[in-house]
>>> print(open('run.cif').read())   # mmCIF, C-alpha atoms
data_structure
#
loop_
_atom_site.label_atom_id
_atom_site.label_comp_id
_atom_site.auth_asym_id
_atom_site.auth_seq_id
_atom_site.Cartn_x
_atom_site.Cartn_y
_atom_site.Cartn_z
CA MET A 121 0.00 0.00 0.00
CA ALA A 122 1.04 3.60 -0.34
CA ARG A 123 1.25 5.92 2.60
CA ILE A 124 -0.68 9.13 2.12
CA ASP A 125 0.56 11.85 4.42
CA GLY A 126 -2.11 13.79 6.15
CA GLY A 127 -2.97 17.25 4.99
CA ASN A 128 -5.67 19.74 4.26
CA TYR A 129 -7.86 20.15 1.28
CA THR A 130 -10.67 22.43 0.36
CA ALA A 131 -13.91 20.55 0.12
CA LEU A 132 -15.93 21.04 -3.03
CA TYR A 133 -18.95 22.00 -0.99
CA LYS A 134 -18.77 24.53 1.72
CA GLN A 135 -21.30 23.73 4.36
CA GLU A 136 -22.65 25.85 7.08
CA GLY A 137 -21.23 24.80 10.38
CA SER A 138 -18.48 22.68 8.90
CA ALA A 139 -14.97 23.65 8.03
CA GLU A 140 -14.26 24.69 4.49
CA VAL A 141 -10.81 23.24 4.75
CA ILE A 142 -10.90 19.60 5.66
CA THR A 143 -8.04 17.92 7.44
CA VAL A 144 -7.31 14.39 6.36
CA ALA A 145 -5.32 12.16 8.70
CA PRO A 146 -2.53 10.06 7.23
CA PHE A 147 -3.64 6.67 5.92
CA TYR A 148 -2.64 3.84 3.63
CA SER A 149 -4.21 3.38 0.24
CA ASP A 150 -3.98 0.43 -2.11
CA LYS A 151 -1.69 1.40 -4.95
CA PHE A 152 -4.01 -0.20 -7.46
CA GLN A 153 -7.69 -0.80 -7.87
CA VAL A 154 -8.88 -4.24 -6.86
CA ASN A 155 -8.72 -6.43 -9.95
CA ASN A 156 -11.01 -9.17 -11.21
CA GLN A 157 -8.75 -12.00 -10.08
CA GLN A 158 -8.52 -10.67 -6.54
CA PHE A 159 -12.24 -10.23 -6.30
CA LEU A 160 -12.90 -13.65 -7.75
CA ASN A 161 -10.65 -15.19 -5.10
CA PHE A 162 -12.64 -13.36 -2.46
CA THR A 163 -15.95 -14.70 -3.74
CA LYS A 164 -14.53 -18.22 -3.70
CA SER A 165 -13.63 -17.96 -0.04
CA THR A 166 -16.71 -15.97 0.94
CA THR A 167 -19.37 -17.55 -1.20
CA LYS A 168 -22.09 -15.22 0.04
CA TRP A 169 -20.64 -12.66 -2.35
CA SER A 170 -20.33 -14.93 -5.38
CA LYS A 171 -22.29 -14.19 -8.52
CA GLN A 172 -24.32 -17.30 -7.85
CA ASN A 173 -25.27 -16.57 -4.25
CA ILE A 174 -25.50 -12.80 -4.10
CA LYS A 175 -28.83 -11.55 -2.81
CA PRO A 176 -30.44 -8.90 -4.99
CA ILE A 177 -30.68 -6.61 -2.02
CA PHE A 178 -26.88 -6.38 -2.10
CA ALA A 179 -26.33 -6.11 -5.83
CA GLU A 180 -28.15 -5.72 -9.11
CA SER A 181 -28.46 -8.52 -11.61
CA THR A 182 -25.47 -7.25 -13.57
CA TYR A 183 -23.23 -8.06 -10.59
CA LEU A 184 -19.89 -9.40 -11.84
CA GLN A 185 -21.29 -9.95 -15.30
CA GLN A 186 -17.84 -9.49 -16.83
CA PHE A 187 -17.06 -13.06 -15.81
CA GLU A 188 -19.88 -14.24 -18.03
CA LEU A 189 -18.93 -12.00 -20.92
CA SER A 190 -15.19 -12.67 -20.92
CA ASN A 191 -12.64 -15.30 -20.06
CA THR A 192 -11.37 -14.78 -16.56
CA GLU A 193 -7.75 -14.95 -17.73
CA ASP A 194 -8.34 -12.14 -20.20
CA ILE A 195 -9.70 -9.76 -17.61
CA ALA A 196 -7.82 -10.96 -14.52
CA ASN A 197 -5.77 -7.80 -14.12
CA GLN A 198 -8.47 -5.35 -15.08
CA PRO A 199 -10.18 -3.43 -12.32
CA VAL A 200 -13.20 -5.26 -10.95
CA VAL A 201 -16.39 -3.45 -11.92
CA ASN A 202 -20.08 -4.34 -11.72
CA VAL A 203 -19.51 -4.69 -8.03
CA SER A 204 -21.78 -3.07 -5.49
CA TRP A 205 -20.86 -0.91 -2.53
CA PHE A 206 -21.97 -3.68 -0.16
CA ALA A 207 -19.63 -6.11 -1.86
CA ALA A 208 -16.78 -3.60 -1.88
CA MET A 209 -17.24 -2.99 1.85
CA ALA A 210 -17.19 -6.73 2.49
CA TYR A 211 -14.11 -7.27 0.30
CA CYS A 212 -12.06 -4.62 2.08
CA LYS A 213 -13.17 -5.87 5.47
CA ALA A 214 -12.02 -9.37 4.55
CA GLN A 215 -8.54 -7.94 3.84
CA ASN A 216 -8.54 -6.14 7.20
CA LYS A 217 -8.89 -2.96 5.26
CA ARG A 218 -11.77 -0.61 4.55
CA LEU A 219 -13.01 1.63 1.78
CA PRO A 220 -11.42 5.08 1.80
CA THR A 221 -13.62 7.88 3.01
CA LEU A 222 -14.80 10.46 0.51
CA ASP A 223 -12.37 12.98 1.97
CA GLU A 224 -9.46 10.58 1.88
CA TRP A 225 -10.17 9.66 -1.71
CA GLU A 226 -10.61 13.23 -2.87
CA TYR A 227 -7.49 14.31 -1.02
CA ALA A 228 -5.34 11.56 -2.53
CA ALA A 229 -6.88 12.06 -5.95
CA ARG A 230 -5.87 15.68 -6.22
CA ALA A 231 -2.22 14.72 -6.34
CA SER A 232 -0.69 15.00 -9.77
CA ALA A 233 2.42 13.07 -10.73
CA SER A 234 4.63 15.69 -9.18
CA HIS A 235 2.55 17.61 -6.66
CA ILE A 236 0.49 16.81 -3.59
CA ASP A 237 -2.11 19.22 -4.87
CA GLY A 238 -2.41 19.27 -8.63
CA SER A 239 -5.90 20.65 -8.50
CA ARG A 240 -4.69 24.19 -9.16
CA SER A 241 -3.02 23.06 -12.33
CA ALA A 242 -5.20 23.71 -15.35
CA GLU A 243 -3.37 21.00 -17.27
CA PHE A 244 -3.99 18.38 -14.60
CA ARG A 245 -7.67 19.26 -14.51
CA GLU A 246 -8.02 19.15 -18.22
CA ARG A 247 -6.51 15.71 -18.44
CA ILE A 248 -8.96 14.41 -15.88
CA LEU A 249 -11.86 16.04 -17.68
CA ARG A 250 -10.78 14.59 -20.99
CA TRP A 251 -11.18 11.14 -19.54
CA TYR A 252 -14.52 12.02 -17.95
CA SER A 253 -15.82 13.11 -21.31
CA MET A 254 -14.88 9.84 -23.00
CA PRO A 255 -17.49 7.09 -23.23
CA ALA A 256 -16.92 4.10 -20.99
CA SER A 257 -15.24 1.66 -23.31
CA ALA A 258 -15.70 -2.06 -23.28
CA GLY A 259 -12.07 -2.87 -22.73
CA LEU A 260 -10.57 -1.61 -19.51
CA PRO A 261 -6.82 -1.25 -19.05
CA ASN A 262 -5.07 -3.38 -16.46
CA VAL A 263 -4.92 -1.74 -13.07
CA SER A 264 -1.14 -1.46 -13.25
CA GLU A 265 -1.38 0.69 -16.36
CA GLY A 266 -2.93 3.59 -14.52
CA GLU A 267 -0.57 6.49 -14.02
CA ALA A 268 1.00 6.90 -10.60
CA ASN A 269 0.44 10.11 -8.73
CA TYR A 270 2.66 11.83 -6.18
CA TRP A 271 1.83 9.20 -3.55
CA GLY A 272 2.52 6.27 -5.83
CA VAL A 273 -1.17 5.53 -6.14
CA HIS A 274 -2.07 4.43 -9.66
CA GLY A 275 -5.03 5.19 -11.83
CA MET A 276 -7.14 7.40 -9.58
CA HIS A 277 -8.28 9.13 -12.73
CA GLY A 278 -8.63 7.67 -16.16
CA VAL A 279 -9.49 4.04 -15.47
CA VAL A 280 -12.80 3.66 -13.65
CA TRP A 281 -14.80 5.62 -11.10
CA GLU A 282 -14.17 4.49 -7.56
CA MET A 283 -16.42 3.90 -4.60
CA VAL A 284 -15.91 5.52 -1.24
CA ARG A 285 -17.02 4.38 2.18
CA ASP A 286 -19.37 7.23 2.90
CA PHE A 287 -20.82 7.67 -0.58
CA ASN A 288 -24.27 8.09 0.89
CA THR A 289 -23.22 11.24 2.66
CA ALA A 290 -23.30 13.02 -0.68
CA LEU A 291 -26.62 14.73 -0.22
CA VAL A 292 -26.69 16.81 -3.35
CA THR A 293 -29.36 14.90 -5.22
CA GLY A 294 -31.21 13.73 -2.17
CA GLU A 295 -31.55 17.26 -0.94
CA SER A 296 -32.82 18.70 -4.15
CA ARG A 297 -35.49 16.03 -4.16
CA GLY A 298 -36.39 17.33 -0.75
CA ASP A 299 -36.22 14.08 1.14
CA SER A 300 -33.77 15.08 3.80
CA ALA A 301 -34.81 18.38 5.13
CA LEU A 302 -32.80 18.62 8.32
CA ASP A 303 -32.34 22.26 7.69
CA LYS A 304 -33.30 23.66 4.36
CA GLN A 305 -30.84 26.45 4.77
CA LEU A 306 -28.02 24.02 4.50
CA PHE A 307 -28.91 22.75 1.12
CA CYS A 308 -31.37 24.99 -0.58
CA GLY A 309 -29.82 26.03 -3.83
CA ALA A 310 -27.50 23.06 -3.67
CA GLY A 311 -25.13 22.34 -6.47
CA ALA A 312 -22.86 25.04 -7.73
CA ALA A 313 -24.20 27.79 -5.51
CA SER A 314 -22.50 26.40 -2.46
CA ALA A 315 -19.43 25.02 -4.15
CA VAL A 316 -16.18 26.52 -3.12
CA ASP A 317 -14.57 26.03 -6.48
CA PRO A 318 -17.13 25.77 -9.28
CA SER A 319 -14.44 25.30 -11.89
CA ASP A 320 -13.60 21.86 -10.56
CA TYR A 321 -16.06 20.14 -12.92
CA ALA A 322 -14.52 16.73 -12.43
CA ALA A 323 -15.21 16.84 -8.73
CA PHE A 324 -18.79 17.87 -9.49
CA MET A 325 -19.18 14.81 -11.64
CA ARG A 326 -17.85 12.55 -8.91
CA TYR A 327 -20.18 14.07 -6.32
CA ALA A 328 -23.09 13.80 -8.70
CA LEU A 329 -22.36 10.14 -9.36
CA ARG A 330 -22.03 9.35 -5.66
CA SER A 331 -25.25 11.07 -4.82
CA SER A 332 -27.14 9.28 -7.55
CA TYR A 333 -26.25 5.69 -6.92
CA THR A 334 -27.47 3.41 -4.23
CA ALA A 335 -25.49 0.76 -2.43
CA ASN A 336 -26.63 -2.14 -4.60
CA TYR A 337 -25.86 -0.49 -7.95
CA THR A 338 -23.41 -2.27 -10.16
CA LEU A 339 -21.92 -0.15 -12.91
CA ASN A 340 -19.49 -1.24 -15.57
CA SER A 341 -17.30 1.76 -14.96
CA LEU A 342 -17.28 1.76 -11.17
CA GLY A 343 -14.64 -0.05 -9.17
CA PHE A 344 -12.82 0.48 -5.90
CA ARG A 345 -9.61 0.20 -3.95
CA CYS A 346 -9.17 -0.30 -0.22
CA ALA A 347 -7.56 1.88 2.40
CA LYS A 348 -6.31 1.30 5.91
CA ASP A 349 -5.54 3.29 9.03
CA LEU A 350 -1.86 3.81 9.81
CA MET B 155 -31.61 -19.38 22.23
CA LYS B 156 -31.73 -16.08 23.94
CA THR B 157 -34.57 -14.75 25.96
CA ILE B 158 -35.08 -11.25 27.07
CA SER B 159 -35.53 -10.69 30.72
CA LEU B 160 -38.44 -8.51 31.62
CA SER B 161 -39.70 -7.68 35.03
CA VAL B 162 -43.21 -8.80 34.26
CA PRO B 163 -44.95 -12.06 35.05
CA PHE B 164 -44.33 -14.88 32.63
CA CYS B 165 -47.95 -15.10 31.54
CA MET B 166 -47.76 -11.53 30.37
CA LEU B 167 -44.69 -12.27 28.30
CA LEU B 168 -46.79 -14.48 26.12
CA LEU B 169 -48.99 -11.58 25.25
CA LEU B 170 -46.21 -9.22 24.45
CA PRO B 171 -44.45 -9.08 21.15
CA SER B 172 -40.87 -10.02 21.77
CA ILE B 173 -38.45 -7.53 20.35
CA THR B 174 -35.65 -10.00 19.86
CA LYS B 175 -36.28 -13.40 18.41
CA ALA B 176 -34.01 -16.33 18.64
CA ASP B 177 -32.58 -17.33 15.32
CA SER B 178 -29.51 -19.40 15.76
CA ASP B 179 -30.48 -22.26 13.50
CA GLY B 180 -29.62 -20.67 10.18
CA ALA B 181 -33.19 -20.07 9.20
CA ASN B 182 -32.07 -17.20 6.97
CA GLN B 183 -32.19 -19.55 4.01
CA THR B 184 -35.93 -19.12 4.04
CA LEU B 185 -35.85 -15.33 3.94
CA PRO B 186 -36.91 -13.67 0.70
CA ASP B 187 -34.02 -12.46 -1.48
CA THR B 188 -34.96 -8.88 -0.79
CA SER B 189 -34.93 -9.17 3.00
CA ILE B 190 -32.66 -6.76 4.80
CA TYR B 191 -32.04 -9.50 7.35
CA HIS B 192 -29.48 -11.05 5.03
CA ILE B 193 -26.96 -8.69 6.54
CA GLU B 194 -25.42 -9.91 9.71
CA SER B 195 -24.50 -7.25 12.17
CA SER B 196 -24.51 -6.94 15.91
CA TRP B 197 -26.51 -4.28 17.74
CA GLN B 198 -27.46 -3.21 21.23
CA ASP B 199 -30.81 -1.83 22.26
CA GLN B 200 -31.50 0.73 24.96
CA HIS B 201 -31.54 -2.02 27.58
CA GLY B 202 -28.04 -3.15 26.65
CA GLU B 203 -29.29 -6.35 25.02
CA THR B 204 -26.95 -7.49 22.25
CA PHE B 205 -28.38 -9.27 19.23
CA ASN B 206 -27.90 -9.90 15.55
CA ILE B 207 -30.04 -7.89 13.18
CA THR B 208 -31.47 -11.12 11.75
CA GLU B 209 -33.15 -11.66 15.11
CA LEU B 210 -35.48 -8.77 14.33
CA LYS B 211 -37.48 -10.88 11.94
CA GLY B 212 -40.95 -11.97 12.88
CA GLU B 213 -42.50 -8.59 13.54
CA VAL B 214 -43.80 -5.79 11.42
CA ARG B 215 -41.57 -2.80 12.01
CA LEU B 216 -41.54 0.91 11.46
CA VAL B 217 -37.91 1.95 11.08
CA ALA B 218 -36.32 5.38 11.23
CA PHE B 219 -32.80 6.74 11.63
CA VAL B 220 -32.37 9.42 14.25
CA TYR B 221 -29.90 10.62 16.87
CA THR B 222 -30.52 11.92 20.34
CA TYR B 223 -28.86 15.30 19.88
CA CYS B 224 -31.12 16.00 16.91
CA GLU B 225 -33.29 19.00 17.61
CA HIS B 226 -34.76 19.62 14.21
CA THR B 227 -36.50 16.81 12.41
CA CYS B 228 -36.07 13.80 14.69
CA PRO B 229 -38.84 14.91 17.06
CA ILE B 230 -41.08 15.32 14.01
CA ILE B 231 -40.14 11.87 12.70
CA ILE B 232 -40.98 10.37 16.07
CA THR B 233 -44.26 12.26 16.29
CA ARG B 234 -45.20 10.96 12.85
CA ILE B 235 -44.39 7.39 13.79
CA ARG B 236 -46.44 7.79 16.93
CA SER B 237 -49.37 9.03 14.91
CA ILE B 238 -49.08 6.01 12.60
CA VAL B 239 -49.00 3.66 15.57
CA ASN B 240 -51.93 5.41 17.23
CA ALA B 241 -54.01 5.07 14.09
CA LEU B 242 -53.64 1.29 14.13
CA SER B 243 -56.21 -1.12 15.50
CA LYS B 244 -55.56 -2.33 19.02
CA ASP B 245 -54.30 -5.66 17.74
CA ALA B 246 -51.91 -4.24 15.15
CA LYS B 247 -50.71 -1.65 17.60
CA GLN B 248 -49.70 -4.35 20.03
CA LYS B 249 -47.81 -6.28 17.39
CA THR B 250 -46.00 -3.50 15.57
CA ILE B 251 -42.50 -2.62 16.73
CA VAL B 252 -40.87 0.74 16.21
CA THR B 253 -37.15 0.41 15.58
CA LEU B 254 -35.10 3.56 15.76
CA VAL B 255 -31.44 3.43 14.76
CA THR B 256 -29.01 6.05 15.97
CA LEU B 257 -26.86 7.71 13.33
CA ASP B 258 -24.49 8.92 16.01
CA PRO B 259 -22.97 5.84 17.65
CA LYS B 260 -20.03 7.87 18.88
CA ARG B 261 -22.11 9.94 21.27
CA ASP B 262 -25.26 7.88 21.56
CA THR B 263 -24.26 5.32 24.13
CA VAL B 264 -26.67 2.73 25.43
CA GLU B 265 -27.11 4.80 28.58
CA ARG B 266 -27.84 7.90 26.58
CA VAL B 267 -30.40 6.33 24.27
CA LYS B 268 -32.09 4.71 27.25
CA GLN B 269 -32.47 8.10 28.89
CA TYR B 270 -33.65 9.55 25.59
CA MET B 271 -36.42 6.99 25.34
CA ILE B 272 -37.50 7.80 28.88
CA ASP B 273 -37.36 11.55 28.30
CA LYS B 274 -39.34 11.31 25.08
CA ASP B 275 -41.92 9.08 26.71
CA LEU B 276 -40.96 6.19 24.44
CA ASP B 277 -40.10 3.82 27.24
CA ASP B 278 -42.44 1.21 25.86
CA GLN B 279 -42.19 -2.48 25.03
CA ASN B 280 -42.87 -1.77 21.39
CA TRP B 281 -40.23 0.90 20.94
CA GLN B 282 -36.57 0.18 20.63
CA ILE B 283 -33.52 2.18 19.65
CA LEU B 284 -30.45 0.45 18.27
CA VAL B 285 -26.82 1.33 18.76
CA GLY B 286 -24.27 -0.22 16.39
CA THR B 287 -20.78 0.37 15.05
CA ALA B 288 -20.23 3.17 12.56
CA ASP B 289 -19.77 0.64 9.74
CA ASP B 290 -22.91 -1.28 10.62
CA VAL B 291 -24.96 1.92 10.84
CA LEU B 292 -23.65 2.95 7.45
CA THR B 293 -24.46 -0.41 5.89
CA LEU B 294 -27.92 -0.57 7.40
CA SER B 295 -28.70 2.99 6.34
CA ALA B 296 -27.56 2.13 2.82
CA LEU B 297 -30.05 -0.75 2.74
CA PHE B 298 -32.77 1.76 3.50
CA ASP B 299 -31.32 4.31 1.09
CA VAL B 300 -31.03 6.69 4.00
CA ARG B 301 -28.34 9.30 3.50
CA TYR B 302 -26.65 11.25 6.21
CA LYS B 303 -23.71 13.51 6.73
CA PRO B 304 -22.17 15.03 9.83
CA MET B 305 -22.49 18.80 9.76
CA GLY B 306 -20.16 20.73 11.97
CA GLU B 307 -19.67 19.74 15.56
CA SER B 308 -22.97 18.28 16.52
CA ASP B 309 -25.50 18.06 13.72
CA ILE B 310 -26.09 15.30 11.24
CA ALA B 311 -28.01 16.05 8.07
CA HIS B 312 -30.07 12.99 7.25
CA SER B 313 -32.94 11.60 5.27
CA ASN B 314 -36.23 11.78 7.09
CA ALA B 315 -37.48 8.44 5.84
CA ILE B 316 -39.91 6.28 7.78
CA THR B 317 -39.81 2.75 6.48
CA LEU B 318 -42.29 -0.07 6.89
CA VAL B 319 -40.64 -3.48 7.02
CA ASP B 320 -42.62 -6.71 6.99
CA LYS B 321 -42.03 -9.76 9.17
CA GLN B 322 -39.49 -11.15 6.75
CA GLY B 323 -37.47 -7.95 6.61
CA VAL B 324 -38.68 -6.79 3.23
CA VAL B 325 -39.14 -3.06 2.84
CA ARG B 326 -42.78 -2.61 1.93
CA MET B 327 -43.17 1.12 1.95
CA GLN B 328 -41.17 4.20 2.67
CA LEU B 329 -42.25 7.75 3.42
CA ARG B 330 -39.33 9.76 2.10
CA ASN B 331 -40.27 13.12 3.48
CA LEU B 332 -42.19 14.67 6.29
CA SER B 333 -44.99 16.05 4.20
CA GLN B 334 -46.22 12.76 2.75
CA SER B 335 -49.50 11.51 4.16
CA THR B 336 -49.20 8.60 6.59
CA GLU B 337 -52.57 7.18 5.66
CA LYS B 338 -51.34 4.49 3.29
CA MET B 339 -48.66 3.40 5.70
CA VAL B 340 -51.22 2.94 8.44
CA LYS B 341 -53.31 0.80 6.12
CA LEU B 342 -50.41 -1.36 5.00
CA THR B 343 -49.06 -1.78 8.54
CA GLU B 344 -52.50 -3.02 9.51
CA GLU B 345 -52.57 -5.49 6.62
CA LEU B 346 -49.11 -6.89 7.27
CA ASN B 347 -49.86 -7.75 10.86
#
>>> encode(input="run.cif", output="structure tokens")
Amino acid sequence: MARIDGGNYTALYKQEGSAEVITVAPFYSDKFQVNNQQFLNFTKSTTKWSKQNIKPIFAESTYLQQFELSNTEDIANQPVVNVSWFAAMAYCKAQNKRLPTLDEWEYAARASASHIDGSRSAEFRERILRWYSMPASAGLPNVSEGEANYWGVHGMHGVVWEMVRDFNTALVTGESRGDSALDKQLFCGAGAASAVDPSDYAAFMRYALRSSYTANYTLNSLGFRCAKDL
Amino acid sequence: MKTISLSVPFCMLLLLPSITKADSDGANQTLPDTSIYHIESSWQDQHGETFNITELKGEVRLVAFVYTYCEHTCPIIITRIRSIVNALSKDAKQKTIVTLVTLDPKRDTVERVKQYMIDKDLDDQNWQILVGTADDVLTLSALFDVRYKPMGESDIAHSNAITLVDKQGVVRMQLRNLSQSTEKMVKLTEELN
């Protein structure tokens, strides 16, 4: 795993009563996304999470469908996708790890190849956006092909979207549908109005995705990696 | 087998719905695929009783996620649940269990939630509040599509959902916001009992 030094980052959304600058404690992150072979091994030892035994409440019917569409050997080193948040949580737990928190992921993901914070670099942002604007292709690269960032963490952008532990704390969509009215003031006019840095489109897209999926969704462009406390 | 100890005569126990049900014989195989009781996580109620979530099967439940420091919507959620319960027939009212889950396991200790239930006049056989680990709360809330986020020092923004769960742990209905009428939920709770 790669050690991510602690540090501060400016959250995309500034919220009343919470700090604009978020402090992230040091943690370990997997260098690579979990690949198909690793996940397959997990489902063999914990059969509850196998394609055959998975309960629909934990994953949609497209769960792990890549194993039906391709030879396992061909996709062994590709990031595992079509895997639900429940399954990702269980996988990391089985490795004595956990999913990274949203803040940890966002903090680590803003590192460019040479800087802890590449988010101020227009070039870095553009490269991320270029990938976000490409259609999800059928063939995914192997996890090791993702570019390493400052921390030695590969492929945080440009391979697949990644799940975070507290994805369901992204209230953007939920709030605008009006289902979580703790305090309307906090969220009324959600979206860009409250964003600290509206030019960070890529982060918007990630927040939008997180707030729109539920824990049993399985998407063919959504994978994960695990993290661990120091 | 685990039994709950209650300071009431045994004959009365038979009349009361038991909040925890023994389920150590792997009977989960018979649960519907969509039952939330397929998760296995350990919880404590306000009396300090520890049990697996699967033991909650067998009763019709109204479920909501709250926390004791919540001053804004939680009292409204609880009032709404109370109004649903009060609209039930005597029989259904006796059988239906209200299960609250705290979103704030860090501060909501068993002692604190117990006091909360007393203070809010919810110290009743049919009302329980569950305390779990942060991970288990997160997973359970995800099963209910309940979203929440700590805000500042003491608040937690959260969905205001009230969910009706049948005896097998299948979500049958959910009121997503506080302005939806409770009428249909009363009717369905009645039918499921």
>>> closest_residue(input="run.cif", among="B:Gly323, B:Gly306, B:Gly286, B:Pro229", to="chain A", atoms="only C-alpha atoms")
B:Gly306
>>> resolve_selection(input="run.cif", expression="the PyMOL selection byres ((chain A and resi 267) around 12)", output="PyMOL selection string")
chain A and resi 151-153+229+231-234+247-248+261-266+268-279
>>> atom_distance(input="run.cif", atom1="CA of Asp245 in chain B", atom2="CA of Arg326 in chain B")
19.8 Å
>>> atom_distance(input="run.cif", atom1="CA of Lys268 in chain B", atom2="CA of Asp289 in chain B")
21.8 Å
>>> resolve_selection(input="run.cif", expression="the PyMOL selection byres ((chain B) within 8 of (chain A))", output="PyMOL selection string")
chain B and resi 187-190+192+226-227+292-293+296-297+299-303+305-307+311-315+330-332
>>> atom_distance(input="run.cif", atom1="CA of Arg345 in chain A", atom2="CA of Ser149 in chain A")
7.5 Å
>>> resolve_selection(input="run.cif", expression="the PyMOL selection byres ((chain B and resi 248) around 12)", output="JSON, numbers by chain")
{"B": [169, 170, 171, 172, 173, 213, 214, 215, 239, 240, 241, 242, 243, 244, 245, 246, 247, 249, 250, 251, 252, 278, 279, 280, 281, 343, 344, 347]}
>>> residues_around(input="run.cif", residues="Ala347 in chain A", least_positions_apart="4", cutoff="8 Å", atoms="only C-alpha atoms", output="ChimeraX atom specification")
/A:147-150,212,217-220
>>> write_last_selection(input="run.cif", atoms="C-alpha atoms", output="compact mmCIF listing (two decimals), keeping the file's coordinate frame")
# COMPACT_ATOMS: atom_id res chain seq x y z
CA PHE A 147 -3.64 6.67 5.92
CA TYR A 148 -2.64 3.84 3.63
CA SER A 149 -4.21 3.38 0.24
CA ASP A 150 -3.98 0.43 -2.11
CA CYS A 212 -12.06 -4.62 2.08
CA LYS A 217 -8.89 -2.96 5.26
CA ARG A 218 -11.77 -0.61 4.55
CA LEU A 219 -13.01 1.63 1.78
CA PRO A 220 -11.42 5.08 1.80
>>> closest_residue(input="run.cif", among="B:Val291, B:Leu342, B:Leu329, B:Ile310", to="Cys228 in chain B", atoms="all atoms listed in the file")
B:Ile310
>>> closest_residue(input="run.cif", among="B:Met271, B:Ile230, B:Val324, B:Leu257", to="Pro304 in chain B", atoms="all atoms listed in the file")
B:Leu257
>>> decode(input="run.cif", residues="range 312-316 of chain B", atoms="all heavy atoms", output="PDB file, in the first residue's frame")
ATOM      1  N   HIS B 312     -29.675  14.358   7.551  1.00  0.00           N
ATOM      2  CA  HIS B 312     -30.066  12.990   7.248  1.00  0.00           C
ATOM      3  C   HIS B 312     -31.418  12.922   6.580  1.00  0.00           C
ATOM      4  O   HIS B 312     -32.235  13.833   6.709  1.00  0.00           O
ATOM      5  CB  HIS B 312     -30.075  12.144   8.524  1.00  0.00           C
ATOM      6  CG  HIS B 312     -31.045  12.649   9.558  1.00  0.00           C
ATOM      7  ND1 HIS B 312     -32.278  12.099   9.743  1.00  0.00           N
ATOM      8  CD2 HIS B 312     -30.959  13.673  10.439  1.00  0.00           C
ATOM      9  CE1 HIS B 312     -32.914  12.750  10.706  1.00  0.00           C
ATOM     10  NE2 HIS B 312     -32.135  13.717  11.139  1.00  0.00           N
ATOM     11  N   SER B 313     -31.639  11.830   5.867  1.00  0.00           N
ATOM     12  CA  SER B 313     -32.945  11.596   5.267  1.00  0.00           C
ATOM     13  C   SER B 313     -33.979  11.434   6.377  1.00  0.00           C
ATOM     14  O   SER B 313     -33.666  10.915   7.443  1.00  0.00           O
ATOM     15  CB  SER B 313     -32.923  10.308   4.442  1.00  0.00           C
ATOM     16  OG  SER B 313     -31.891  10.314   3.506  1.00  0.00           O
ATOM     17  N   ASN B 314     -35.173  11.851   6.084  1.00  0.00           N
ATOM     18  CA  ASN B 314     -36.234  11.776   7.086  1.00  0.00           C
ATOM     19  C   ASN B 314     -37.167  10.591   6.871  1.00  0.00           C
ATOM     20  O   ASN B 314     -38.323  10.631   7.253  1.00  0.00           O
ATOM     21  CB  ASN B 314     -37.058  13.061   7.049  1.00  0.00           C
ATOM     22  CG  ASN B 314     -36.242  14.252   7.499  1.00  0.00           C
ATOM     23  OD1 ASN B 314     -35.400  14.129   8.379  1.00  0.00           O
ATOM     24  ND2 ASN B 314     -36.475  15.404   6.894  1.00  0.00           N
ATOM     25  N   ALA B 315     -36.632   9.558   6.248  1.00  0.00           N
ATOM     26  CA  ALA B 315     -37.482   8.444   5.845  1.00  0.00           C
ATOM     27  C   ALA B 315     -38.041   7.659   7.025  1.00  0.00           C
ATOM     28  O   ALA B 315     -37.362   7.443   8.029  1.00  0.00           O
ATOM     29  CB  ALA B 315     -36.696   7.502   4.942  1.00  0.00           C
ATOM     30  N   ILE B 316     -39.301   7.249   6.878  1.00  0.00           N
ATOM     31  CA  ILE B 316     -39.911   6.279   7.783  1.00  0.00           C
ATOM     32  C   ILE B 316     -40.228   5.064   6.918  1.00  0.00           C
ATOM     33  O   ILE B 316     -40.877   5.181   5.877  1.00  0.00           O
ATOM     34  CB  ILE B 316     -41.207   6.822   8.413  1.00  0.00           C
ATOM     35  CG1 ILE B 316     -40.886   8.058   9.279  1.00  0.00           C
ATOM     36  CG2 ILE B 316     -41.889   5.745   9.253  1.00  0.00           C
ATOM     37  CD1 ILE B 316     -42.121   8.802   9.760  1.00  0.00           C
TER      38      ILE B 316
END
